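Novice: Input query-v6.pdb, format and content: PDB, C-alpha atoms (C1' of nucleotides).
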ATOM      1  CA  MET O 214      -1.957  20.905  -0.960
ATOM      2  CA  PRO O 215       0.474  18.646   0.630
ATOM      3  CA  GLU O 216       2.254  19.900   3.683
ATOM      4  CA  LEU O 217       4.427  17.882   6.032
ATOM      5  CA  PRO O 218       1.649  15.631   7.423
ATOM      6  CA  GLU O 219       0.329  14.774   3.961
ATOM      7  CA  VAL O 220       3.798  13.987   2.643
ATOM      8  CA  GLU O 221       4.610  11.942   5.748
ATOM      9  CA  THR O 222       1.393   9.970   5.280
ATOM     10  CA  VAL O 223       2.242   9.264   1.647
ATOM     11  CA  VAL O 224       5.777   8.230   2.635
ATOM     12  CA  ARG O 225       4.435   5.744   5.162
ATOM     13  CA  GLY O 226       1.991   4.316   2.644
ATOM     14  CA  LEU O 227       4.723   3.921   0.039
ATOM     15  CA  GLU O 228       7.044   2.346   2.574
ATOM     16  CA  ARG O 229       4.422  -0.333   3.160
ATOM     17  CA  GLY O 230       3.602  -0.669  -0.515
ATOM     18  CA  ILE O 231       6.824  -0.577  -2.487
ATOM     19  CA  ALA O 232       9.884  -0.691  -0.199
ATOM     20  CA  GLY O 233      12.105  -3.494  -1.452
ATOM     21  CA  ARG O 234      10.359  -3.743  -4.842
ATOM     22  CA  ARG O 235      12.354  -3.504  -8.038
ATOM     23  CA  ILE O 236      11.549  -0.756 -10.533
ATOM     24  CA  LYS O 237      10.823  -2.204 -13.946
ATOM     25  CA  LYS O 238      10.063   0.899 -15.959
ATOM     26  CA  LEU O 239       9.729   4.653 -15.718
ATOM     27  CA  THR O 240       7.244   6.166 -18.143
ATOM     28  CA  LEU O 241       7.152   9.914 -18.774
ATOM     29  CA  ASN O 242       3.797  10.986 -20.193
ATOM     30  CA  ARG O 243       4.496  14.641 -20.720
ATOM     31  CA  ALA O 244       7.690  16.523 -21.245
ATOM     32  CA  ASP O 245       6.700  20.014 -20.139
ATOM     33  CA  LEU O 246       6.795  19.591 -16.390
ATOM     34  CA  ARG O 247       7.948  22.533 -14.295
ATOM     35  CA  PHE O 248      11.457  21.072 -14.480
ATOM     36  CA  PRO O 249      12.422  18.410 -16.993
ATOM     37  CA  LEU O 250      13.211  15.031 -15.452
ATOM     38  CA  PRO O 251      16.916  14.717 -14.615
ATOM     39  CA  LYS O 252      18.929  13.460 -17.556
ATOM     40  CA  GLY O 253      19.151   9.706 -17.718
ATOM     41  CA  LEU O 254      16.851   9.192 -14.754
ATOM     42  CA  ALA O 255      15.150   6.127 -16.214
ATOM     43  CA  ALA O 256      18.474   4.410 -16.854
ATOM     44  CA  ARG O 257      19.594   5.117 -13.304
ATOM     45  CA  ILE O 258      16.590   3.558 -11.610
ATOM     46  CA  GLU O 259      15.225   0.887 -13.937
ATOM     47  CA  GLY O 260      16.202  -2.565 -12.757
ATOM     48  CA  ARG O 261      17.041  -1.288  -9.282
ATOM     49  CA  ARG O 262      15.156  -1.735  -6.049
ATOM     50  CA  VAL O 263      13.645   1.004  -3.898
ATOM     51  CA  LEU O 264      15.336   0.382  -0.576
ATOM     52  CA  ARG O 265      13.216   2.709   1.526
ATOM     53  CA  ILE O 266      11.191   5.913   1.311
ATOM     54  CA  GLY O 267      11.926   8.895   3.523
ATOM     55  CA  ARG O 268      11.040  12.565   3.789
ATOM     56  CA  ARG O 269      12.733  15.939   4.160
ATOM     57  CA  ALA O 270      10.343  18.887   4.582
ATOM     58  CA  LYS O 271       7.708  18.361   1.855
ATOM     59  CA  TYR O 272      10.002  16.232  -0.312
ATOM     60  CA  LEU O 273       9.595  12.482  -0.712
ATOM     61  CA  LEU O 274      12.940  10.668  -0.854
ATOM     62  CA  PHE O 275      13.123   7.336  -2.662
ATOM     63  CA  HIS O 276      16.403   5.683  -1.712
ATOM     64  CA  ILE O 277      17.457   3.572  -4.674
ATOM     65  CA  GLU O 278      19.672   0.511  -4.719
ATOM     66  CA  GLY O 279      23.164   1.675  -5.638
ATOM     67  CA  GLY O 280      23.007   4.803  -3.505
ATOM     68  CA  GLY O 281      21.053   7.389  -5.506
ATOM     69  CA  VAL O 282      17.990   9.194  -4.211
ATOM     70  CA  LEU O 283      14.946  10.241  -6.230
ATOM     71  CA  LEU O 284      13.321  13.386  -4.806
ATOM     72  CA  ALA O 285       9.681  14.228  -5.430
ATOM     73  CA  HIS O 286       7.683  17.294  -4.430
ATOM     74  CA  LEU O 287       3.909  17.315  -4.835
ATOM     75  CA  GLY O 288       3.452  21.073  -5.263
ATOM     76  CA  MET O 289      -0.139  22.149  -4.719
ATOM     77  CA  SER O 290      -2.059  19.437  -6.536
ATOM     78  CA  GLY O 291       0.304  16.464  -6.741
ATOM     79  CA  ARG O 292      -0.652  12.912  -5.835
ATOM     80  CA  MET O 293       1.560   9.872  -5.495
ATOM     81  CA  VAL O 294      -0.760   6.906  -5.689
ATOM     82  CA  LEU O 295      -0.243   3.160  -5.876
ATOM     83  CA  ASN O 296      -2.012   0.678  -8.096
ATOM     84  CA  GLY O 297      -4.560   2.676  -9.965
ATOM     85  CA  ASN O 298      -6.490   3.906  -6.969
ATOM     86  CA  GLY O 299      -6.307   7.611  -7.764
ATOM     87  CA  ASN O 300      -9.614   8.364  -6.044
ATOM     88  CA  GLY O 301     -10.950  10.391  -8.935
ATOM     89  CA  ALA O 302      -7.629  11.606 -10.323
ATOM     90  CA  ASP O 303      -7.773  12.769 -13.922
ATOM     91  CA  ARG O 304      -5.593  10.281 -15.786
ATOM     92  CA  ARG O 305      -4.468  12.985 -18.196
ATOM     93  CA  HIS O 306      -2.320  14.279 -15.352
ATOM     94  CA  ASP O 307      -0.487  11.010 -14.661
ATOM     95  CA  HIS O 308       2.796  12.612 -15.680
ATOM     96  CA  VAL O 309       5.269  10.016 -14.433
ATOM     97  CA  VAL O 310       4.502   6.336 -13.877
ATOM     98  CA  LEU O 311       6.773   3.798 -12.206
ATOM     99  CA  SER O 312       5.980   0.133 -12.697
ATOM    100  CA  PHE O 313       7.475  -2.510 -10.422
ATOM    101  CA  ASP O 314       8.516  -6.100 -10.929
ATOM    102  CA  ASP O 315       5.603  -7.441  -8.892
ATOM    103  CA  GLY O 316       3.052  -5.556 -10.983
ATOM    104  CA  ALA O 317       2.662  -2.587  -8.624
ATOM    105  CA  VAL O 318       2.210   0.769 -10.388
ATOM    106  CA  LEU O 319       3.024   4.135  -8.821
ATOM    107  CA  ARG O 320       1.569   7.252 -10.449
ATOM    108  CA  PHE O 321       2.726  10.839  -9.985
ATOM    109  CA  ASN O 322      -0.384  12.805 -10.891
ATOM    110  CA  ASP O 323      -0.213  16.600 -10.797
ATOM    111  CA  ALA O 324      -2.827  18.745 -12.512
ATOM    112  CA  ARG O 325      -1.164  22.082 -11.841
ATOM    113  CA  ARG O 326       2.385  20.883 -12.472
ATOM    114  CA  PHE O 327       3.861  22.763  -9.526
ATOM    115  CA  GLY O 328       5.464  19.527  -8.369
ATOM    116  CA  LEU O 329       8.916  18.319  -9.332
ATOM    117  CA  ILE O 330      11.161  15.302  -9.501
ATOM    118  CA  ASP O 331      14.897  15.481  -8.956
ATOM    119  CA  TRP O 332      17.820  13.165  -8.414
ATOM    120  CA  ALA O 333      20.748  13.068  -6.006
ATOM    121  CA  GLU O 334      23.687  10.795  -6.746
ATOM    122  CA  SER O 335      24.007   9.715  -3.124
ATOM    123  CA  GLU O 336      22.667  10.343   0.352
ATOM    124  CA  ASP O 337      25.757  12.399   1.027
ATOM    125  CA  GLU O 338      24.767  14.699  -1.827
ATOM    126  CA  LEU O 339      21.278  15.335  -0.395
ATOM    127  CA  PRO O 340      22.191  18.290   1.818
ATOM    128  CA  ARG O 341      23.744  19.968  -1.208
ATOM    129  CA  ASN O 342      20.744  19.401  -3.457
ATOM    130  CA  LYS O 343      19.434  22.781  -4.603
ATOM    131  CA  HIS O 344      15.962  22.105  -3.250
ATOM    132  CA  LEU O 345      17.102  20.857   0.131
ATOM    133  CA  ALA O 346      20.149  22.987   0.811
ATOM    134  CA  SER O 347      18.536  25.927   2.572
ATOM    135  CA  LEU O 348      15.712  24.198   4.417
ATOM    136  CA  GLY O 349      15.240  24.927   8.096
ATOM    137  CA  PRO O 350      14.901  22.331  10.856
ATOM    138  CA  GLU O 351      12.372  19.517  10.832
ATOM    139  CA  PRO O 352       9.692  20.530  13.344
ATOM    140  CA  LEU O 353       9.252  16.941  14.516
ATOM    141  CA  SER O 354      12.949  16.404  15.171
ATOM    142  CA  ASN O 355      14.338  16.267  18.708
ATOM    143  CA  GLY O 356      16.261  19.489  18.357
ATOM    144  CA  PHE O 357      13.209  21.585  17.522
ATOM    145  CA  ASN O 358      11.984  23.591  20.503
ATOM    146  CA  GLY O 359      11.150  27.101  21.618
ATOM    147  CA  VAL O 360      14.782  28.093  21.925
ATOM    148  CA  THR O 361      15.713  27.071  18.394
ATOM    149  CA  LEU O 362      12.528  28.606  16.999
ATOM    150  CA  ALA O 363      13.120  31.871  18.835
ATOM    151  CA  SER O 364      16.632  32.164  17.445
ATOM    152  CA  LEU O 365      15.362  31.535  13.913
ATOM    153  CA  LEU O 366      12.773  34.297  14.291
ATOM    154  CA  GLU O 367      14.999  36.810  16.020
ATOM    155  CA  GLY O 368      15.188  40.155  14.249
ATOM    156  CA  LYS O 369      12.573  39.300  11.624
ATOM    157  CA  ALA O 370      10.197  42.154  10.869
ATOM    158  CA  THR O 371       7.818  40.117   8.714
ATOM    159  CA  PRO O 372       4.563  38.850  10.266
ATOM    160  CA  ILE O 373       4.884  35.517  12.058
ATOM    161  CA  LYS O 374       2.471  33.991   9.525
ATOM    162  CA  ALA O 375       4.855  34.725   6.660
ATOM    163  CA  ALA O 376       7.913  33.665   8.642
ATOM    164  CA  LEU O 377       6.446  30.232   9.356
ATOM    165  CA  LEU O 378       5.631  29.703   5.675
ATOM    166  CA  ASP O 379       9.302  30.353   4.877
ATOM    167  CA  GLN O 380      10.849  26.891   4.523
ATOM    168  CA  ARG O 381      14.246  28.269   5.557
ATOM    169  CA  VAL O 382      12.831  28.989   9.028
ATOM    170  CA  VAL O 383      10.924  25.761   9.638
ATOM    171  CA  ALA O 384      10.671  23.009   7.041
ATOM    172  CA  GLY O 385       7.337  21.475   6.120
ATOM    173  CA  LEU O 386       4.691  23.920   7.288
ATOM    174  CA  GLY O 387       2.167  25.314   4.808
ATOM    175  CA  ASN O 388      -0.880  27.513   4.936
ATOM    176  CA  ILE O 389      -3.149  25.130   6.827
ATOM    177  CA  TYR O 390      -0.776  24.106   9.589
ATOM    178  CA  VAL O 391       0.602  27.604  10.101
ATOM    179  CA  CYS O 392      -2.929  28.899  10.706
ATOM    180  CA  GLU O 393      -3.762  26.014  13.023
ATOM    181  CA  SER O 394      -0.488  26.237  14.961
ATOM    182  CA  LEU O 395      -0.802  29.992  15.535
ATOM    183  CA  PHE O 396      -4.330  29.453  16.781
ATOM    184  CA  TRP O 397      -3.334  26.848  19.346
ATOM    185  CA  ALA O 398      -0.344  28.942  20.405
ATOM    186  CA  GLY O 399      -2.601  31.991  20.867
ATOM    187  CA  ILE O 400      -0.385  34.142  18.649
ATOM    188  CA  SER O 401      -1.728  36.662  16.161
ATOM    189  CA  PRO O 402      -0.677  35.938  12.566
ATOM    190  CA  LYS O 403       0.060  39.662  12.269
ATOM    191  CA  ARG O 404       2.543  39.749  15.126
ATOM    192  CA  ARG O 405       6.116  40.666  14.161
ATOM    193  CA  ALA O 406       8.053  37.416  13.909
ATOM    194  CA  GLY O 407      10.973  38.806  15.881
ATOM    195  CA  THR O 408       8.757  39.372  18.916
ATOM    196  CA  VAL O 409       7.982  35.674  19.205
ATOM    197  CA  GLN O 410      10.553  34.878  21.863
ATOM    198  CA  GLY O 411      10.749  33.153  25.212
ATOM    199  CA  GLU O 412       7.517  31.589  26.432
ATOM    200  CA  ARG O 413       5.685  32.602  23.236
ATOM    201  CA  ALA O 414       8.201  30.744  21.097
ATOM    202  CA  GLU O 415       7.919  27.797  23.451
ATOM    203  CA  ARG O 416       4.144  27.726  23.050
ATOM    204  CA  LEU O 417       4.456  28.035  19.292
ATOM    205  CA  ALA O 418       6.982  25.219  18.989
ATOM    206  CA  ARG O 419       4.750  22.979  21.095
ATOM    207  CA  ALA O 420       1.667  23.907  19.066
ATOM    208  CA  ILE O 421       3.415  23.197  15.761
ATOM    209  CA  ARG O 422       4.525  19.802  16.965
ATOM    210  CA  LEU O 423       1.119  18.904  18.358
ATOM    211  CA  VAL O 424      -0.806  19.995  15.256
ATOM    212  CA  LEU O 425       1.533  18.102  12.943
ATOM    213  CA  GLU O 426       1.392  14.941  15.038
ATOM    214  CA  ARG O 427      -2.394  15.021  15.192
ATOM    215  CA  ALA O 428      -2.610  15.620  11.460
ATOM    216  CA  ILE O 429      -0.318  12.700  10.687
ATOM    217  CA  ALA O 430      -2.395  10.495  12.977
ATOM    218  CA  ALA O 431      -5.454  11.469  10.911
ATOM    219  CA  GLY O 432      -3.737  10.706   7.606
ATOM    220  CA  GLY O 433      -3.395  14.375   6.622
ATOM    221  CA  SER O 434      -6.039  16.799   5.370
ATOM    222  CA  SER O 435      -8.013  16.161   2.183
ATOM    223  CA  LEU O 436      -9.558  19.317   0.761
ATOM    224  CA  ARG O 437      -9.612  18.682  -2.972
ATOM    225  CA  ASP O 438      -6.652  16.849  -4.471
ATOM    226  CA  TYR O 439      -4.795  15.171  -1.655
ATOM    227  CA  VAL O 440      -5.101  11.435  -1.159
ATOM    228  CA  GLN O 441      -2.872   8.948   0.620
ATOM    229  CA  ALA O 442      -0.673   6.531  -1.340
ATOM    230  CA  THR O 443      -3.481   4.006  -1.045
ATOM    231  CA  GLY O 444      -5.984   6.433  -2.563
ATOM    232  CA  GLU O 445      -7.779   6.871   0.777
ATOM    233  CA  LEU O 446      -8.617  10.368   1.958
ATOM    234  CA  GLY O 447      -7.077  12.068   4.982
ATOM    235  CA  TYR O 448      -9.338  13.138   7.841
ATOM    236  CA  PHE O 449      -7.641  15.992   9.663
ATOM    237  CA  GLN O 450      -9.815  18.575   7.881
ATOM    238  CA  HIS O 451     -12.575  17.585  10.292
ATOM    239  CA  GLN O 452     -10.398  18.748  13.175
ATOM    240  CA  PHE O 453      -9.530  22.197  11.829
ATOM    241  CA  ALA O 454     -10.001  24.901  14.458
ATOM    242  CA  VAL O 455      -9.768  27.879  12.102
ATOM    243  CA  TYR O 456      -8.623  26.972   8.578
ATOM    244  CA  GLY O 457     -11.436  27.648   6.110
ATOM    245  CA  LYS O 458     -13.802  28.591   8.941
ATOM    246  CA  GLU O 459     -14.389  32.276   8.293
ATOM    247  CA  GLY O 460     -17.497  33.473  10.099
ATOM    248  CA  GLU O 461     -17.832  30.403  12.284
ATOM    249  CA  PRO O 462     -17.550  30.736  16.058
ATOM    250  CA  CYS O 463     -14.124  30.275  17.600
ATOM    251  CA  PRO O 464     -14.026  26.728  18.987
ATOM    252  CA  GLU O 465     -12.158  27.773  22.142
ATOM    253  CA  CYS O 466     -13.578  31.189  23.078
ATOM    254  CA  ASP O 467     -17.030  31.333  24.538
ATOM    255  CA  CYS O 468     -17.300  34.951  23.461
ATOM    256  CA  GLY O 469     -19.030  33.735  20.321
ATOM    257  CA  LYS O 470     -16.681  35.831  18.207
ATOM    258  CA  ALA O 471     -16.284  34.653  14.686
ATOM    259  CA  ILE O 472     -13.169  33.388  12.974
ATOM    260  CA  ARG O 473     -11.790  36.076  10.669
ATOM    261  CA  ARG O 474     -10.147  35.723   7.284
ATOM    262  CA  ILE O 475      -7.468  38.155   6.172
ATOM    263  CA  VAL O 476      -4.987  38.041   3.284
ATOM    264  CA  GLN O 477      -1.255  38.060   4.020
ATOM    265  CA  GLY O 478       1.257  37.785   1.232
ATOM    266  CA  GLY O 479      -1.538  36.890  -1.123
ATOM    267  CA  ARG O 480      -2.691  33.921   0.958
ATOM    268  CA  SER O 481      -5.668  33.482   3.245
ATOM    269  CA  THR O 482      -5.069  33.545   6.976
ATOM    270  CA  PHE O 483      -7.747  32.378   9.404
ATOM    271  CA  PHE O 484      -7.633  33.331  13.067
ATOM    272  CA  CYS O 485      -9.528  34.342  16.191
ATOM    273  CA  ALA O 486      -8.753  37.983  16.967
ATOM    274  CA  ARG O 487      -9.809  37.543  20.594
ATOM    275  CA  ARG O 488      -7.712  34.515  21.403
ATOM    276  CA  GLN O 489      -4.646  35.292  19.275
ATOM    277  CA  LYS O 490      -2.504  38.255  20.347
TER     278      LYS O 490
ATOM    279  C1'  DA N 234      19.128  42.480   2.716
ATOM    280  C1'  DC N 235      14.418  42.145   3.274
ATOM    281  C1'  DG N 236       9.695  41.992   2.281
ATOM    282  C1'  DA N 237       5.679  42.337  -0.733
ATOM    283  C1'  DG N 238       3.674  40.832  -4.880
ATOM    284  C1'  DA N 239       3.516  38.429  -9.158
ATOM    285  C1'  DA N 240       4.193  34.386 -11.715
ATOM    286  C1'  DC N 241       3.910  29.527 -12.740
ATOM    287  C1'  DC N 242      -0.809  26.129 -14.323
ATOM    288  C1'  DT N 243      -5.248  23.878 -14.044
ATOM    289  C1'  DG N 244      -9.600  23.080 -11.971
ATOM    290  C1'  DT N 245     -13.489  24.425  -9.122
ATOM    291  C1'  DT N 246     -16.394  27.634  -6.827
ATOM    292  C1'  DT N 247     -18.524  32.121  -6.432
ATOM    293  C1'  DG N 248     -20.767  36.243  -7.919
ATOM    294  C1'  DC N 249     -22.903  39.289 -11.068
TER     295       DC N 249
ATOM    296  C1'  DT I 939     -28.023  30.033 -17.406
ATOM    297  C1'  DG I 940     -23.513  31.904 -18.593
ATOM    298  C1'  DC I 941     -19.411  33.941 -18.167
ATOM    299  C1'  DA I 942     -15.719  36.058 -15.579
ATOM    300  C1'  DA I 943     -13.411  36.536 -11.466
ATOM    301  C1'  DA I 944     -11.686  34.617  -7.395
ATOM    302  C1'  DC I 945      -9.551  31.070  -5.174
ATOM    303  C1'  DA I 946      -6.770  26.679  -4.079
ATOM    304  C1'  DG I 947      -2.507  22.668   0.056
ATOM    305  C1'  DG I 948       3.798  25.732  -2.894
ATOM    306  C1'  DT I 949       7.846  27.751  -4.493
ATOM    307  C1'  DT I 950      10.611  31.093  -6.879
ATOM    308  C1'  DC I 951      11.524  35.253  -9.191
ATOM    309  C1'  DT I 952      11.382  40.324  -9.600
ATOM    310  C1'  DC I 953      10.932  44.781  -7.965
ATOM    311  C1'  DG I 954      11.149  48.543  -4.664
TER     312       DG I 954
END
Could you render the structure as structure tokens?

Specialist:
Amino acid sequence: MPELPEVETVVRGLERGIAGRRIKKLTLNRADLRFPLPKGLAARIEGRRVLRIGRRAKYLLFHIEGGGVLLAHLGMSGRMVLNGNGNGADRRHDHVVLSFDDGAVLRFNDARRFGLIDWAESEDELPRNKHLASLGPEPLSNGFNGVTLASLLEGKATPIKAALLDQRVVAGLGNIYVCESLFWAGISPKRRAGTVQGERAERLARAIRLVLERAIAAGGSSLRDYVQATGELGYFQHQFAVYGKEGEPCPECDCGKAIRRIVQGGRSTFFCARRQK
DNA sequence: ACGAGAACCTGTTTGC
DNA sequence: TGCAAACAGGTTCTCG
């Protein structure tokens, strides 16, 4: 579910909702999460304030008073929702609940349990955290452009679709935004990643940035599970050009050719075979 | 070393 | 209608 724009939207909602609040209690409702909670996590955060909330790739970063950082990943089905507004979330999947001194309640709800929570002792430790250590560049950072993207793709034989899903190449893209970015860049998902160089890489870097920015502006994409921290839905799904649109006409070609769906690496890819080469 | 595919888990949709 | 298969926004492991 949640790719960079969804996580960024949640981060912004949490920043408004709980930055500066003091954590009163952490409640763990089920022990068999994908990874057990870090040892002694409750003791490290209870009684301390959340200074600010940030993001790296698809990870939420809760900066805690005293220097530690709580990391959270939402997996496929995870939600991080404030104050009971789960927008239909099944309460049985409220695995971790944080209550705050002002009465605010933050729920980590994750039906499929692909999400995770981790802990870094300090901001300096973050780059060495096992989940963050090998991530590629942030696509919305200043340094991300066609030149950097081209060098990351150089020599790769795998299809560009698979390369962009690899978080070591670019951090934060997932199935939706890879499909959408390749569409707007006019690049076939089947093209060898290593051949995306020069002007093609430039177009792709620009398309990635544009798609992500538009998606964030729309509050992310709500297909089934994703909601913002407030419980509101995202709206970018209404602006999809190709994702989930098999058989529908390409929105940019007037040839009337339909959007095709293929499977790459076990995941659906949607594209326009006429426009994307 | 690299790439393809399976596995992890639950819920919903699709097809016979 | 009913049941089974397919599918879902991600990541990580194994195998060739």

Novice: Could you build a table of the residues in chain I lying no more than 10 Å from chain O, giving for each the nearest pair of atoms and their separation in Å rounded to one decimal place, using all atoms listed in the file, ordered by chain and ascending residue number, as JSON lines?

Specialist:
{"residue": "I:DC945", "atom": "C1'", "partner": "O:Ser481", "partner_atom": "CA", "distance": 9.6}
{"residue": "I:DA946", "atom": "C1'", "partner": "O:Met289", "partner_atom": "CA", "distance": 8.1}
{"residue": "I:DG947", "atom": "C1'", "partner": "O:Met214", "partner_atom": "CA", "distance": 2.1}
{"residue": "I:DG948", "atom": "C1'", "partner": "O:Gly288", "partner_atom": "CA", "distance": 5.2}
{"residue": "I:DT949", "atom": "C1'", "partner": "O:Gly288", "partner_atom": "CA", "distance": 8.0}

Novice: Can you report as lines of an AutoDock Vina configuration file the centre and edge lengths in Å, to one decimal, of an axis-aligned box around the listed atoms of stretch 381-392 of chain O padded with 3 Å on each side?

Specialist:
center_x = 5.5
center_y = 25.2
center_z = 7.8
size_x = 23.4
size_y = 13.5
size_z = 11.9

Novice: Select from chain I every residue with an atom at most 9 Å from any atom of stretch 234-248 of chain N, then for each give the shortest pair of atoms and their distance in Å to one decimal, using all atoms listed in the file, rows by chain and rising number, as CSV.

Specialist:
residue,atom,partner,partner_atom,distance
I:DA943,C1',N:DG248,C1',8.2
I:DA944,C1',N:DT247,C1',7.3
I:DC945,C1',N:DT246,C1',7.8
I:DA946,C1',N:DT245,C1',8.7
I:DT950,C1',N:DA240,C1',8.7
I:DC951,C1',N:DA240,C1',7.8
I:DT952,C1',N:DA239,C1',8.1
I:DC953,C1',N:DG238,C1',8.8

Novice: Can you spit out the residues from that selection as a short mmCIF file (atom, residue, chain, number, x, y, z; two decimals), in the frame of the given file, using C-alpha atoms (C1' of nucleotides)?

Specialist:
data_model
loop_
_atom_site.label_atom_id
_atom_site.label_comp_id
_atom_site.auth_asym_id
_atom_site.auth_seq_id
_atom_site.Cartn_x
_atom_site.Cartn_y
_atom_site.Cartn_z
"C1'" DA I 943 -13.41 36.54 -11.47
"C1'" DA I 944 -11.69 34.62 -7.40
"C1'" DC I 945 -9.55 31.07 -5.17
"C1'" DA I 946 -6.77 26.68 -4.08
"C1'" DT I 950 10.61 31.09 -6.88
"C1'" DC I 951 11.52 35.25 -9.19
"C1'" DT I 952 11.38 40.32 -9.60
"C1'" DC I 953 10.93 44.78 -7.96
#

Novice: Which residue, O:Ala375, O:Leu345, O:Val310, O:Ala363, has the smallest gap to chain N when you use only C-alpha atoms (C1' of nucleotides)?

Specialist: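 Result for the nearest residue to chain N: O:Ala375.
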
Novice: If we count only C-alpha atoms (C1' of nucleotides) and set the cut-off at 9 Å, which residues sit around O:Glu461, ignoring sequence neighbours fewer than 5 positions away in its own chain? Please answer as a PyMOL selection string.

Specialist: chain O and resi 455+469-473

Novice: Using only C-alpha atoms, find the one residue out of O:Ala370, O:Ala255, O:Val263, O:Leu295 that sits nearest to O:Val440.

Specialist: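 Using only C-alpha atoms, O:Val440 sits closest to O:Leu295.
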
Novice: Suppose you want the space between atom CA of O:Leu254 and atom CA of O:Gly267; what is it in Å?

Specialist: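 Going from atom CA of O:Leu254 over to atom CA of O:Gly267, I get 18.9 Å.
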
Novice: List every residue of chain O that has an atom at most 7 Å from any atom of chain N, giving for each one its closest atom pair and the distance in Å to one decimal, counting only C-alpha atoms (C1' of nucleotides), sorted by chain and then by ascending residue number, as JSON lines.

Specialist:
{"residue": "O:Ala324", "atom": "CA", "partner": "N:DT243", "partner_atom": "C1'", "distance": 5.9}
{"residue": "O:Arg325", "atom": "CA", "partner": "N:DC242", "partner_atom": "C1'", "distance": 4.8}
{"residue": "O:Arg326", "atom": "CA", "partner": "N:DC242", "partner_atom": "C1'", "distance": 6.4}
{"residue": "O:Thr371", "atom": "CA", "partner": "N:DG236", "partner_atom": "C1'", "distance": 7.0}
{"residue": "O:Gly478", "atom": "CA", "partner": "N:DA237", "partner_atom": "C1'", "distance": 6.6}

Novice: Translate the PyMOL selection byres ((chain O and resi 239) around 9), as applied to the file shown, into an explicit residue set as an MDAnalysis selection string.

Specialist: chainID O and resid 236:238 240:241 254:256 258:259 309:312

Novice: Just the selected residues (C-alpha atoms), exported as a PDB file, in the frame of the given file, please.

Specialist:
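Final output, saved to out.pdb:
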ATOM      1  CA  ILE O 236      11.549  -0.756 -10.533  1.00  0.00           C
ATOM      2  CA  LYS O 237      10.823  -2.204 -13.946  1.00  0.00           C
ATOM      3  CA  LYS O 238      10.063   0.899 -15.959  1.00  0.00           C
ATOM      4  CA  THR O 240       7.244   6.166 -18.143  1.00  0.00           C
ATOM      5  CA  LEU O 241       7.152   9.914 -18.774  1.00  0.00           C
ATOM      6  CA  LEU O 254      16.851   9.192 -14.754  1.00  0.00           C
ATOM      7  CA  ALA O 255      15.150   6.127 -16.214  1.00  0.00           C
ATOM      8  CA  ALA O 256      18.474   4.410 -16.854  1.00  0.00           C
ATOM      9  CA  ILE O 258      16.590   3.558 -11.610  1.00  0.00           C
ATOM     10  CA  GLU O 259      15.225   0.887 -13.937  1.00  0.00           C
ATOM     11  CA  VAL O 309       5.269  10.016 -14.433  1.00  0.00           C
ATOM     12  CA  VAL O 310       4.502   6.336 -13.877  1.00  0.00           C
ATOM     13  CA  LEU O 311       6.773   3.798 -12.206  1.00  0.00           C
ATOM     14  CA  SER O 312       5.980   0.133 -12.697  1.00  0.00           C
TER      15      SER O 312
END

Novice: Can you pull out every residue within 12 Å of O:Glu338, counting only C-alpha atoms (C1' of nucleotides), but drop anything in the same chain fewer than 3 positions away, and send it as a PDB file with C-alpha atoms, in the coordinates of the input?

Specialist:
ATOM      1  CA  GLY O 280      23.007   4.803  -3.505  1.00  0.00           C
ATOM      2  CA  GLY O 281      21.053   7.389  -5.506  1.00  0.00           C
ATOM      3  CA  VAL O 282      17.990   9.194  -4.211  1.00  0.00           C
ATOM      4  CA  LEU O 283      14.946  10.241  -6.230  1.00  0.00           C
ATOM      5  CA  LEU O 284      13.321  13.386  -4.806  1.00  0.00           C
ATOM      6  CA  TRP O 332      17.820  13.165  -8.414  1.00  0.00           C
ATOM      7  CA  ALA O 333      20.748  13.068  -6.006  1.00  0.00           C
ATOM      8  CA  GLU O 334      23.687  10.795  -6.746  1.00  0.00           C
ATOM      9  CA  SER O 335      24.007   9.715  -3.124  1.00  0.00           C
ATOM     10  CA  ARG O 341      23.744  19.968  -1.208  1.00  0.00           C
ATOM     11  CA  ASN O 342      20.744  19.401  -3.457  1.00  0.00           C
ATOM     12  CA  LYS O 343      19.434  22.781  -4.603  1.00  0.00           C
ATOM     13  CA  HIS O 344      15.962  22.105  -3.250  1.00  0.00           C
ATOM     14  CA  LEU O 345      17.102  20.857   0.131  1.00  0.00           C
ATOM     15  CA  ALA O 346      20.149  22.987   0.811  1.00  0.00           C
TER      16      ALA O 346
END

Novice: In the coordinates of the file, take the point (9.8, 17.4, 6.4) and a cut-off of 7 Å; then, counting only C-alpha atoms (C1' of nucleotides), name each qualifying protein, DNA or RNA residue as a list of chain:residue names.

Specialist: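 With a cut-off of 7 Å, the residues come to O:Leu217, O:Arg268, O:Arg269, O:Ala270, O:Lys271, O:Tyr272, O:Glu351, O:Ala384, O:Gly385.
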
Novice: Give as a JSON list (two decimals) with C-alpha atoms, in the frame of the given file the set of residues within 10 Å of the point (9.7, 17.0, 15.9), where distances use the file's coordinates and all atoms listed in the file.

Specialist:
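Wrote it out as selection.json, contents follow:
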[["chain", "number", "residue", "atom", "x", "y", "z"],
["O", 350, "PRO", "CA", 14.90, 22.33, 10.86],
["O", 351, "GLU", "CA", 12.37, 19.52, 10.83],
["O", 352, "PRO", "CA", 9.69, 20.53, 13.34],
["O", 353, "LEU", "CA", 9.25, 16.94, 14.52],
["O", 354, "SER", "CA", 12.95, 16.40, 15.17],
["O", 355, "ASN", "CA", 14.34, 16.27, 18.71],
["O", 356, "GLY", "CA", 16.26, 19.49, 18.36],
["O", 357, "PHE", "CA", 13.21, 21.58, 17.52],
["O", 358, "ASN", "CA", 11.98, 23.59, 20.50],
["O", 418, "ALA", "CA", 6.98, 25.22, 18.99],
["O", 419, "ARG", "CA", 4.75, 22.98, 21.10],
["O", 421, "ILE", "CA", 3.42, 23.20, 15.76],
["O", 422, "ARG", "CA", 4.53, 19.80, 16.96],
["O", 423, "LEU", "CA", 1.12, 18.90, 18.36],
["O", 425, "LEU", "CA", 1.53, 18.10, 12.94],
["O", 426, "GLU", "CA", 1.39, 14.94, 15.04]]
